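Student: Here you go, this is my_file-v2.txt (compact mmCIF, C-alpha atoms and all ligand atoms).
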# COMPACT_ATOMS: atom_id res chain seq x y z
CA MET P 386 134.25 129.54 216.81
CA GLY P 387 137.30 128.94 214.64
CA THR P 388 136.34 125.33 213.89
CA THR P 389 137.39 124.28 210.44
CA ILE P 390 135.11 121.73 208.82
CA THR P 391 137.35 119.48 206.76
CA ARG P 392 136.15 117.41 203.84
CA LEU P 393 135.44 113.73 204.27
CA ALA P 394 136.55 110.94 201.97
CA TYR P 395 136.20 107.17 202.07
CA ASP P 396 138.02 104.10 200.88
CA VAL P 397 137.12 100.43 200.84
CA PHE P 398 139.09 97.32 201.80
CA VAL P 399 137.72 93.95 200.69
CA ASN P 400 138.91 90.89 202.57
CA ASP P 401 138.92 87.67 200.56
CA PRO P 402 136.84 84.93 202.18
CA PRO P 403 138.69 82.83 204.77
CA PRO P 404 139.42 79.18 203.97
CA ASN P 405 136.38 76.91 204.46
CA ALA P 406 137.10 73.86 206.61
CA ARG P 407 134.16 71.75 205.40
CA ALA P 408 135.14 68.75 203.32
CA GLY P 409 131.92 68.64 201.32
CA ARG P 410 131.53 70.19 197.90
CA LEU P 411 128.90 72.32 196.25
CA PRO P 412 126.42 70.53 193.93
CA ASN P 413 128.48 71.58 190.91
CA GLY P 414 131.60 69.95 192.38
CA GLU P 415 133.36 73.11 193.49
CA PRO P 416 134.99 73.13 196.94
CA LYS P 417 133.16 75.19 199.53
CA GLY P 418 134.38 78.73 200.12
CA GLY P 419 132.84 81.93 201.34
CA SER P 420 132.14 85.50 200.33
CA PRO P 421 134.43 88.54 200.33
CA VAL P 422 133.56 91.11 203.02
CA ALA P 423 134.06 94.84 202.57
CA SER P 424 135.12 97.30 205.25
CA THR P 425 134.89 101.06 204.72
CA LEU P 426 137.19 103.72 206.15
CA ILE P 427 135.51 107.12 206.25
CA TYR P 428 138.06 109.78 207.10
CA GLY P 429 138.69 113.48 207.56
CA SER P 430 142.03 115.20 208.04
CA GLU P 431 142.86 113.52 211.34
CA GLU P 432 140.13 111.12 212.39
CA ALA P 433 138.41 108.13 210.82
CA VAL P 434 135.51 105.73 211.25
CA LEU P 435 135.80 102.08 210.20
CA THR P 436 132.86 99.80 209.36
CA ASP P 437 132.36 96.02 209.55
CA PRO P 438 135.71 95.08 211.14
CA ALA P 439 136.34 91.59 209.73
CA PHE P 440 135.80 87.97 210.71
CA THR P 441 139.00 86.04 211.35
CA THR P 442 142.29 86.99 213.01
CA ASP P 443 144.06 86.93 209.64
CA GLN P 444 141.46 89.22 208.12
CA ALA P 445 141.74 91.61 211.07
CA GLN P 446 145.50 91.75 210.55
CA ALA P 447 145.13 92.57 206.86
CA LEU P 448 142.41 95.13 207.46
CA GLY P 449 144.23 96.68 210.41
CA ASP P 450 147.47 97.03 208.43
CA TRP P 451 145.54 98.73 205.62
CA VAL P 452 143.86 101.11 208.07
CA ALA P 453 147.18 101.86 209.80
CA GLY P 454 148.72 102.67 206.43
CA LYS P 455 146.07 105.32 205.88
CA GLY P 456 147.10 107.20 209.02
CA GLY P 457 144.63 109.07 211.17
CA LYS P 458 142.97 108.14 214.45
CA VAL P 459 140.11 105.63 214.28
CA THR P 460 137.53 106.96 216.72
CA ASP P 461 134.67 104.54 216.03
CA ILE P 462 134.10 101.13 214.49
CA PHE P 463 130.55 100.68 213.22
CA VAL P 464 128.98 97.23 212.79
CA THR P 465 126.03 97.05 210.35
CA HIS P 466 124.42 93.84 211.62
CA GLY P 467 124.93 90.78 213.78
CA HIS P 468 126.38 88.21 211.33
CA GLY P 469 129.82 87.23 212.59
CA ASP P 470 131.60 87.53 209.26
CA HIS P 471 131.17 91.30 209.60
CA TRP P 472 132.39 91.80 213.14
CA PHE P 473 133.85 88.82 215.07
CA ALA P 474 137.29 90.49 214.86
CA ALA P 475 135.97 93.84 216.15
CA GLY P 476 137.73 93.39 219.49
CA LEU P 477 141.16 93.05 217.86
CA LEU P 478 140.71 96.23 215.82
CA ALA P 479 139.12 98.18 218.66
CA GLU P 480 142.13 97.34 220.80
CA ARG P 481 144.67 98.08 218.07
CA PHE P 482 143.23 101.52 217.36
CA GLY P 483 141.72 102.42 220.73
CA ALA P 484 138.31 102.82 219.11
CA ARG P 485 134.73 102.52 220.33
CA VAL P 486 132.51 99.86 218.72
CA VAL P 487 129.06 101.14 217.69
CA ALA P 488 125.92 99.26 216.61
CA THR P 489 122.16 99.50 217.05
CA ALA P 490 120.43 97.82 219.98
CA GLY P 491 118.92 95.33 217.52
CA SER P 492 122.31 94.49 216.03
CA ILE P 493 123.78 94.05 219.50
CA THR P 494 121.03 91.51 220.26
CA GLN P 495 121.87 89.69 217.02
CA MET P 496 125.60 89.80 217.83
CA HIS P 497 124.85 87.81 220.98
CA VAL P 498 122.90 85.30 218.86
CA SER P 499 125.90 84.91 216.53
CA VAL P 500 128.24 84.37 219.48
CA ALA P 501 125.93 81.70 220.91
CA LEU P 502 125.87 79.92 217.52
CA ARG P 503 129.64 80.11 217.03
CA PRO P 504 130.55 76.60 218.23
CA LEU P 505 127.80 75.07 216.09
CA LEU P 506 128.38 77.15 212.98
CA SER P 507 131.17 79.67 212.41
CA ASP P 508 133.94 77.78 214.22
CA LYS P 509 133.06 74.59 212.34
CA VAL P 510 133.24 76.26 208.95
CA TYR P 511 135.86 79.01 209.30
CA PRO P 512 138.74 78.30 211.72
CA GLY P 513 140.78 81.20 213.12
CA ILE P 514 138.08 83.40 214.56
CA PRO P 515 139.33 85.37 217.57
CA PRO P 516 137.49 85.73 220.91
CA ALA P 517 134.47 87.90 220.13
CA PRO P 518 133.09 89.64 223.20
CA VAL P 519 130.15 91.91 222.40
CA THR P 520 131.46 95.35 223.35
CA ALA P 521 129.37 97.44 220.96
CA VAL P 522 127.39 100.37 222.33
CA THR P 523 124.49 102.34 220.88
CA VAL P 524 124.74 106.05 220.10
CA ALA P 525 122.07 108.58 221.08
CA GLY P 526 119.57 109.26 218.33
CA ASN P 527 121.47 106.81 216.08
CA ARG P 528 123.86 109.63 215.17
CA PHE P 529 127.51 110.32 215.71
CA THR P 530 130.00 112.65 214.09
CA LEU P 531 133.35 112.59 212.34
CA GLU P 532 135.17 115.94 212.35
CA GLY P 533 131.84 117.75 212.51
CA HIS P 534 130.16 115.70 209.77
CA GLU P 535 127.10 113.72 210.69
CA LEU P 536 127.01 109.94 210.37
CA VAL P 537 123.48 108.55 210.61
CA VAL P 538 122.66 104.97 211.54
CA VAL P 539 119.50 103.94 209.69
CA GLU P 540 117.63 100.87 210.92
CA VAL P 541 116.05 99.00 208.02
CA GLY P 542 114.73 95.85 209.67
CA HIS P 543 115.12 92.39 208.18
CA SER P 544 117.28 91.96 205.07
CA ASP P 545 119.52 88.87 205.07
CA THR P 546 119.02 88.67 208.84
CA ASP P 547 116.99 90.44 211.52
CA ASP P 548 117.68 93.95 212.77
CA THR P 549 119.99 95.17 210.02
CA SER P 550 121.17 98.74 209.67
CA VAL P 551 123.12 100.91 207.26
CA LEU P 552 125.39 103.92 207.82
CA HIS P 553 124.42 107.05 205.90
CA VAL P 554 127.05 109.73 205.33
CA PRO P 555 125.04 112.58 203.78
CA ASP P 556 128.08 114.76 203.05
CA LEU P 557 129.53 111.98 200.87
CA GLY P 558 126.27 110.80 199.29
CA LEU P 559 127.35 107.45 200.72
CA VAL P 560 125.53 104.53 202.28
CA VAL P 561 127.52 101.70 203.84
CA ALA P 562 124.85 99.09 203.31
CA GLY P 563 126.06 95.96 205.08
CA ASP P 564 124.02 93.05 203.77
CA VAL P 565 121.00 95.06 202.58
CA ILE P 566 122.54 95.66 199.14
CA TYR P 567 124.96 93.22 197.48
CA ASN P 568 127.35 93.92 194.60
CA GLY P 569 128.42 91.06 192.37
CA ALA P 570 127.98 88.40 195.06
CA HIS P 571 125.23 85.91 195.83
CA LEU P 572 122.69 86.99 198.46
CA TYR P 573 122.19 84.90 201.60
CA LEU P 574 118.52 83.94 201.30
CA GLY P 575 118.26 81.40 204.13
CA GLU P 576 116.83 83.60 206.85
CA SER P 577 113.87 84.61 204.67
CA VAL P 578 112.21 81.50 206.13
CA LEU P 579 112.01 83.35 209.44
CA VAL P 580 109.96 86.20 207.96
CA ASP P 581 107.83 84.40 205.41
CA GLY P 582 109.69 85.43 202.28
CA LEU P 583 111.61 88.24 200.65
CA GLN P 584 109.24 91.19 201.08
CA PRO P 585 110.93 92.52 204.26
CA TRP P 586 114.23 92.61 202.35
CA ARG P 587 112.57 94.58 199.55
CA ASP P 588 111.23 97.02 202.15
CA ALA P 589 114.74 97.41 203.56
CA ILE P 590 116.08 98.20 200.08
CA ASP P 591 113.38 100.85 199.68
CA LYS P 592 114.60 102.50 202.88
CA VAL P 593 118.14 102.67 201.48
CA ALA P 594 116.88 104.03 198.15
CA ALA P 595 114.92 106.74 199.99
CA LEU P 596 118.25 108.11 201.27
CA GLU P 597 119.11 108.83 197.61
CA PRO P 598 122.77 107.85 197.89
CA ARG P 599 125.19 108.19 194.97
CA HIS P 600 127.55 105.54 196.32
CA ILE P 601 126.86 102.29 198.13
CA VAL P 602 129.48 100.10 199.74
CA CYS P 603 128.02 96.61 199.97
CA GLY P 604 129.08 94.21 202.69
CA HIS P 605 129.67 91.56 200.05
CA GLN P 606 131.10 92.83 196.83
CA ASP P 607 133.30 91.95 193.93
CA LYS P 608 136.13 94.44 194.33
CA ARG P 609 136.43 94.84 190.56
CA LEU P 610 133.03 96.56 190.45
CA ASP P 611 132.21 100.22 191.13
CA ASP P 612 129.95 101.43 193.95
CA ASP P 613 127.21 103.04 191.89
CA ALA P 614 124.09 103.24 194.06
CA GLU P 615 121.52 103.06 191.28
CA ARG P 616 123.06 99.92 189.75
CA THR P 617 123.61 98.04 192.99
CA ILE P 618 120.08 98.78 194.22
CA ALA P 619 118.54 97.69 190.90
CA GLU P 620 120.64 94.52 190.77
CA THR P 621 119.78 93.52 194.33
CA ARG P 622 116.07 94.01 193.63
CA GLN P 623 116.40 91.97 190.43
CA TYR P 624 118.21 89.18 192.27
CA LEU P 625 115.34 88.91 194.76
CA ASP P 626 112.82 88.83 191.90
CA ASP P 627 114.83 86.10 190.15
CA ALA P 628 115.02 84.13 193.39
CA ASP P 629 111.26 84.33 193.92
CA GLU P 630 110.61 83.25 190.33
CA LEU P 631 112.94 80.26 190.58
CA LEU P 632 111.75 79.27 194.05
CA ALA P 633 108.31 78.90 192.48
CA THR P 634 109.47 76.84 189.50
CA GLU P 635 112.43 74.79 190.77
CA THR P 636 111.44 71.76 192.82
CA THR P 637 114.83 70.98 194.39
CA ALA P 638 117.62 72.92 196.07
CA VAL P 639 120.09 71.69 193.47
CA GLY P 640 117.80 72.82 190.66
CA PHE P 641 117.46 76.26 192.24
CA PHE P 642 121.21 76.53 192.84
CA SER P 643 121.99 75.58 189.25
CA ALA P 644 119.40 77.96 187.81
CA MET P 645 120.71 80.89 189.86
CA ILE P 646 124.29 80.16 188.79
CA GLU P 647 123.13 80.13 185.21
CA ARG P 648 121.59 83.59 185.66
CA TYR P 649 124.53 84.91 187.68
CA PRO P 650 127.60 83.11 186.31
CA ASN P 651 130.05 85.77 187.51
CA HIS P 652 128.69 86.30 191.02
CA LEU P 653 131.02 85.43 193.89
CA GLY P 654 129.98 83.43 196.97
CA ARG P 655 128.33 80.31 195.56
CA THR P 656 128.72 78.72 198.99
CA VAL P 657 126.42 81.44 200.32
CA LEU P 658 123.89 80.70 197.58
CA TRP P 659 124.01 77.00 198.46
CA ALA P 660 123.71 77.58 202.23
CA GLY P 661 120.52 79.55 201.61
CA ALA P 662 119.08 77.29 198.92
CA SER P 663 119.58 74.08 200.84
CA ALA P 664 117.95 75.60 203.93
CA LEU P 665 114.96 76.98 202.01
CA TYR P 666 114.19 73.62 200.41
CA ASP P 667 114.92 71.73 203.61
CA VAL P 668 112.31 73.82 205.44
CA ARG P 669 109.87 73.23 202.58
CA GLU P 670 110.43 69.46 202.65
CA HIS P 671 110.61 69.09 206.44
CA PRO P 672 108.23 71.65 207.94
CA GLU P 673 108.20 69.74 211.23
CA GLU P 674 111.94 70.19 211.84
CA ASP P 675 113.61 72.99 213.79
CA VAL P 676 114.23 75.94 211.48
CA GLY P 677 117.29 77.14 213.40
CA GLN P 678 118.96 73.77 213.01
CA ILE P 679 118.11 73.71 209.32
CA LEU P 680 119.66 77.17 208.81
CA VAL P 681 122.88 76.08 210.53
CA GLY P 682 122.87 72.83 208.55
CA GLY P 683 122.86 74.74 205.28
CA TRP P 684 126.47 75.79 205.93
CA LEU P 685 127.75 72.37 207.04
ZN ZN P 701 127.21 89.09 205.40
Once more with this new file: its structure as structure tokens, please.
Tutor:
Amino acid sequence: MGTTITRLAYDVFVNDPPPNARAGRLPNGEPKGGSPVASTLIYGSEEAVLTDPAFTTDQAQALGDWVAGKGGKVTDIFVTHGHGDHWFAAGLLAERFGARVVATAGSITQMHVSVALRPLLSDKVYPGIPPAPVTAVTVAGNRFTLEGHELVVVEVGHSDTDDTSVLHVPDLGLVVAGDVIYNGAHLYLGESVLVDGLQPWRDAIDKVAALEPRHIVCGHQDKRLDDDAERTIAETRQYLDDADELLATETTAVGFFSAMIERYPNHLGRTVLWAGASALYDVREHPEEDVGQILVGGWL
């Protein structure tokens, strides 16, 4: 039919965490911060797909300028899961590039949850988040294409939140893993209280491993590190094992936080570690209290 299948390529932009407005400090005295968030541009000769389109207005500006500098027409913006740090600025980028926003039905449900929690959580911690209407749509069969190449949305269930998904690009040996796999950054463990522990996350990792990717872009990554799939999968599994071991032996949130930092001295996102740790121990010590409020409180 005369259709030329061009080769795909991808590139990654990592936004530094936005400033944290909370006055409190971490148990080791450090000011509170956040975690870097990675966005991936998958592109052919003329068109491109962008993933996890940023959190704040400033981040959207930086990411959008980087995307614009690459050239090409952004057809779709894919959101891996509902946490606002990965998509609250989707509307700005969708408008700038005239792109469609794509997510799974489960992620769209979770996006509405994140929007409802905004005034209690995200807006209190990270100022400068733009209006975030949920405009994402699902795609038939969880598949869409980029210049004839298939992009497959794979639903993996609970990882650091409910209803998470990854984007598999078979022709690149690439998985854009959202928060299922982390790379040089602390995992957010808080929501494991909603699913009785870390086994669902391990199951989600197994689903990513079964895709046999060569490269994984993690939603939270230290940009100095490579994207080797085998290493990032192994390290994320090990982190969960370490967390389970220390949750069994450490009796306080501060003890757990300190022990994890000792094992992972170079990991970014200690505020994320603390938000999870304080919630996990709070639930343990106050089983009668509302879990949702405890999870929000971990960030405040
Ligand atoms: Zn995240």
Student: Go through P:Pro672, P:Gly513, P:Pro650, P:Gly476 and flag the residue nearest Ala570 (chain P), using only C-alpha atoms for the distances.
Tutor: P:Pro650
Student: Considering all atoms listed in the file, return as a list of chain:residue names whatever protein or nucleic-acid residues lie within 8 Å of Asp613 (chain P), sequence-local ones (same chain, fewer than 3 positions apart) excluded.
Tutor: P:Arg599, P:His600, P:Ile601, P:Arg616, P:Thr617
Student: Just the residues within 9 Å of Gly682 (chain P), please, counting all atoms listed in the file, with nothing from its chain fewer than 2 positions along; format it as an MDAnalysis selection string.
Tutor: chainID P and resid 506 660 663:664 677:680 684:685
Student: Counting all atoms listed in the file, which residue out of P:Ile427, P:Val657, P:Ala638, P:Ala453 sits closest to ligand ZN 701 (chain P)?
Tutor: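 The closest residue to ligand ZN 701 (chain P) is P:Val657.
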Student: Do you have the CA of Asp396 (chain P)-CA of Leu478 (chain P) distance handy?
Tutor: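 One can read the CA of Asp396 (chain P) to CA of Leu478 (chain P) distance as 17.1 Å.
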Student: Could you produce a table of the residues of region 473-524 of chain P lying within 10 Å of region 456-460 of chain P, with the nearest pair of atoms per residue and their separation in Å rounded to one decimal, using all atoms listed in the file, ordered by chain and increasing residue number, as CSV?
Tutor:
residue,atom,partner,partner_atom,distance
P:Leu478,CA,P:Val459,CA,9.5
P:Ala479,CA,P:Val459,CA,8.7
P:Arg481,CA,P:Val459,CA,9.6
P:Phe482,CA,P:Val459,CA,6.0
P:Gly483,CA,P:Thr460,CA,7.4
P:Ala484,CA,P:Thr460,CA,4.8
P:Arg485,CA,P:Thr460,CA,6.4
P:Val486,CA,P:Thr460,CA,8.9
Student: Find the spatial neighbours of region 398-405 of chain P, counting all atoms listed in the file, within a cut-off of 6 Å - ignore same-chain residues fewer than 6 positions away - and output them as a PyMOL selection string.
Tutor: chain P and resi 418-424+510-511
Student: Centre and edge lengths of an axis-aligned box around all listed atoms of region 397-400 of chain P, with 6 Å added on each side, are to be given in Å to one decimal, as JSON.
Tutor:
{"center_x": 138.1, "center_y": 95.7, "center_z": 201.6, "size_x": 14.0, "size_y": 21.5, "size_z": 13.9}
Student: For CA of Gln606 (chain P) and CA of Thr391 (chain P), quote the distance in Å rounded to one decimal.
Tutor: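 If I compute the distance from CA of Gln606 (chain P) to CA of Thr391 (chain P), I get 29.1 Å.
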Student: Do you know which residues are at most 6 Å from Val551 (chain P) counting all atoms listed in the file, after dropping those on the same chain fewer than 5 positions away, and could you put them as JSON, numbers by chain?
Tutor: {"P": [465, 538, 539, 561, 562]}
Student: For each of P:Val560, P:Ile566, P:Ala501, P:Val676, take the minimum atom-to-atom distance to Glu597 (chain P), counting all atoms listed in the file, then give the residue where this is smallest.
Tutor: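 With all atoms listed in the file as the atom set, the closest residue is P:Val560.
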Student: Kindly provide the residues of chain P that approach ligand ZN 701 (chain P) to within 10 Å, each paired with its closest atom pair and their distance in Å to one decimal, based on only C-alpha atoms and all ligand atoms, listed by chain and increasing number, as JSON lines.
Tutor:
{"residue": "P:Gly419", "atom": "CA", "partner": "P:ZN701", "partner_atom": "ZN", "distance": 10.0}
{"residue": "P:Ser420", "atom": "CA", "partner": "P:ZN701", "partner_atom": "ZN", "distance": 7.9}
{"residue": "P:Pro421", "atom": "CA", "partner": "P:ZN701", "partner_atom": "ZN", "distance": 8.8}
{"residue": "P:Val422", "atom": "CA", "partner": "P:ZN701", "partner_atom": "ZN", "distance": 7.1}
{"residue": "P:Ala423", "atom": "CA", "partner": "P:ZN701", "partner_atom": "ZN", "distance": 9.4}
{"residue": "P:Asp437", "atom": "CA", "partner": "P:ZN701", "partner_atom": "ZN", "distance": 9.6}
{"residue": "P:Thr465", "atom": "CA", "partner": "P:ZN701", "partner_atom": "ZN", "distance": 9.4}
{"residue": "P:His466", "atom": "CA", "partner": "P:ZN701", "partner_atom": "ZN", "distance": 8.3}
{"residue": "P:Gly467", "atom": "CA", "partner": "P:ZN701", "partner_atom": "ZN", "distance": 8.8}
{"residue": "P:His468", "atom": "CA", "partner": "P:ZN701", "partner_atom": "ZN", "distance": 6.1}
{"residue": "P:Gly469", "atom": "CA", "partner": "P:ZN701", "partner_atom": "ZN", "distance": 7.9}
{"residue": "P:Asp470", "atom": "CA", "partner": "P:ZN701", "partner_atom": "ZN", "distance": 6.1}
{"residue": "P:His471", "atom": "CA", "partner": "P:ZN701", "partner_atom": "ZN", "distance": 6.2}
{"residue": "P:Trp472", "atom": "CA", "partner": "P:ZN701", "partner_atom": "ZN", "distance": 9.7}
{"residue": "P:Asp545", "atom": "CA", "partner": "P:ZN701", "partner_atom": "ZN", "distance": 7.7}
{"residue": "P:Thr546", "atom": "CA", "partner": "P:ZN701", "partner_atom": "ZN", "distance": 8.9}
{"residue": "P:Gly563", "atom": "CA", "partner": "P:ZN701", "partner_atom": "ZN", "distance": 7.0}
{"residue": "P:Asp564", "atom": "CA", "partner": "P:ZN701", "partner_atom": "ZN", "distance": 5.3}
{"residue": "P:Val565", "atom": "CA", "partner": "P:ZN701", "partner_atom": "ZN", "distance": 9.1}
{"residue": "P:Tyr567", "atom": "CA", "partner": "P:ZN701", "partner_atom": "ZN", "distance": 9.2}
{"residue": "P:Leu572", "atom": "CA", "partner": "P:ZN701", "partner_atom": "ZN", "distance": 8.5}
{"residue": "P:Tyr573", "atom": "CA", "partner": "P:ZN701", "partner_atom": "ZN", "distance": 7.6}
{"residue": "P:Cys603", "atom": "CA", "partner": "P:ZN701", "partner_atom": "ZN", "distance": 9.3}
{"residue": "P:Gly604", "atom": "CA", "partner": "P:ZN701", "partner_atom": "ZN", "distance": 6.1}
{"residue": "P:His605", "atom": "CA", "partner": "P:ZN701", "partner_atom": "ZN", "distance": 6.4}
{"residue": "P:Val657", "atom": "CA", "partner": "P:ZN701", "partner_atom": "ZN", "distance": 9.2}
Student: Just to be explicit: take each residue in the selection above, keep C-alpha atoms, and write the result as a CSV table (one decimal), in the coordinates of the input.
Tutor:
chain,number,residue,atom,x,y,z
P,419,GLY,CA,132.8,81.9,201.3
P,420,SER,CA,132.1,85.5,200.3
P,421,PRO,CA,134.4,88.5,200.3
P,422,VAL,CA,133.6,91.1,203.0
P,423,ALA,CA,134.1,94.8,202.6
P,437,ASP,CA,132.4,96.0,209.6
P,465,THR,CA,126.0,97.0,210.4
P,466,HIS,CA,124.4,93.8,211.6
P,467,GLY,CA,124.9,90.8,213.8
P,468,HIS,CA,126.4,88.2,211.3
P,469,GLY,CA,129.8,87.2,212.6
P,470,ASP,CA,131.6,87.5,209.3
P,471,HIS,CA,131.2,91.3,209.6
P,472,TRP,CA,132.4,91.8,213.1
P,545,ASP,CA,119.5,88.9,205.1
P,546,THR,CA,119.0,88.7,208.8
P,563,GLY,CA,126.1,96.0,205.1
P,564,ASP,CA,124.0,93.0,203.8
P,565,VAL,CA,121.0,95.1,202.6
P,567,TYR,CA,125.0,93.2,197.5
P,572,LEU,CA,122.7,87.0,198.5
P,573,TYR,CA,122.2,84.9,201.6
P,603,CYS,CA,128.0,96.6,200.0
P,604,GLY,CA,129.1,94.2,202.7
P,605,HIS,CA,129.7,91.6,200.0
P,657,VAL,CA,126.4,81.4,200.3
Student: Could you tell me which of P:Gly533, P:Pro516, P:Gly683, P:Gly569 comes closest to Leu411 (chain P) if we count all atoms listed in the file?
Tutor: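 Among the listed residues, P:Gly683 lies closest to Leu411 (chain P).
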Student: Considering all atoms listed in the file, state which residue in the set P:Ala644, P:Pro512, P:Ala595, P:Ser544 is at the smallest distance from Arg407 (chain P).
Tutor: P:Pro512
Student: Looking at P:Asp626, P:Gly575, P:Trp659, P:Val537, which one is nearest to Gly409 (chain P), with distances taken over only C-alpha atoms?
Tutor: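 Going through P:Asp626, P:Gly575, P:Trp659, P:Val537 one by one, the smallest distance to Gly409 (chain P) is for P:Trp659.
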Student: With all atoms listed in the file as the counted atoms, please give the residues lying no more than 10 Å from Gln584 (chain P), apart from itself and same-chain residues fewer than 4 positions off, as a short mmCIF file (atom, residue, chain, number, x, y, z; two decimals) with C-alpha atoms, keeping the file's coordinate frame.
Tutor:
data_model
loop_
_atom_site.label_atom_id
_atom_site.label_comp_id
_atom_site.auth_asym_id
_atom_site.auth_seq_id
_atom_site.Cartn_x
_atom_site.Cartn_y
_atom_site.Cartn_z
CA HIS P 543 115.12 92.39 208.18
CA SER P 544 117.28 91.96 205.07
CA SER P 577 113.87 84.61 204.67
CA VAL P 580 109.96 86.20 207.96
CA ASP P 588 111.23 97.02 202.15
CA ALA P 589 114.74 97.41 203.56
CA ILE P 590 116.08 98.20 200.08
CA LEU P 625 115.34 88.91 194.76
#
Student: Rounded to one decimal place, report the CA of Val681 (chain P)-CA of Leu477 (chain P) distance in Å.
Tutor: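 For CA of Val681 (chain P) relative to CA of Leu477 (chain P), the distance reads 26.0 Å.
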Student: Would you kindly identify which residues have an atom no farther than 10 Å from (125.7, 86.6, 219.0), using all atoms listed in the file and the file's own coordinates, and write them out as a count of residues only?
Tutor: 19
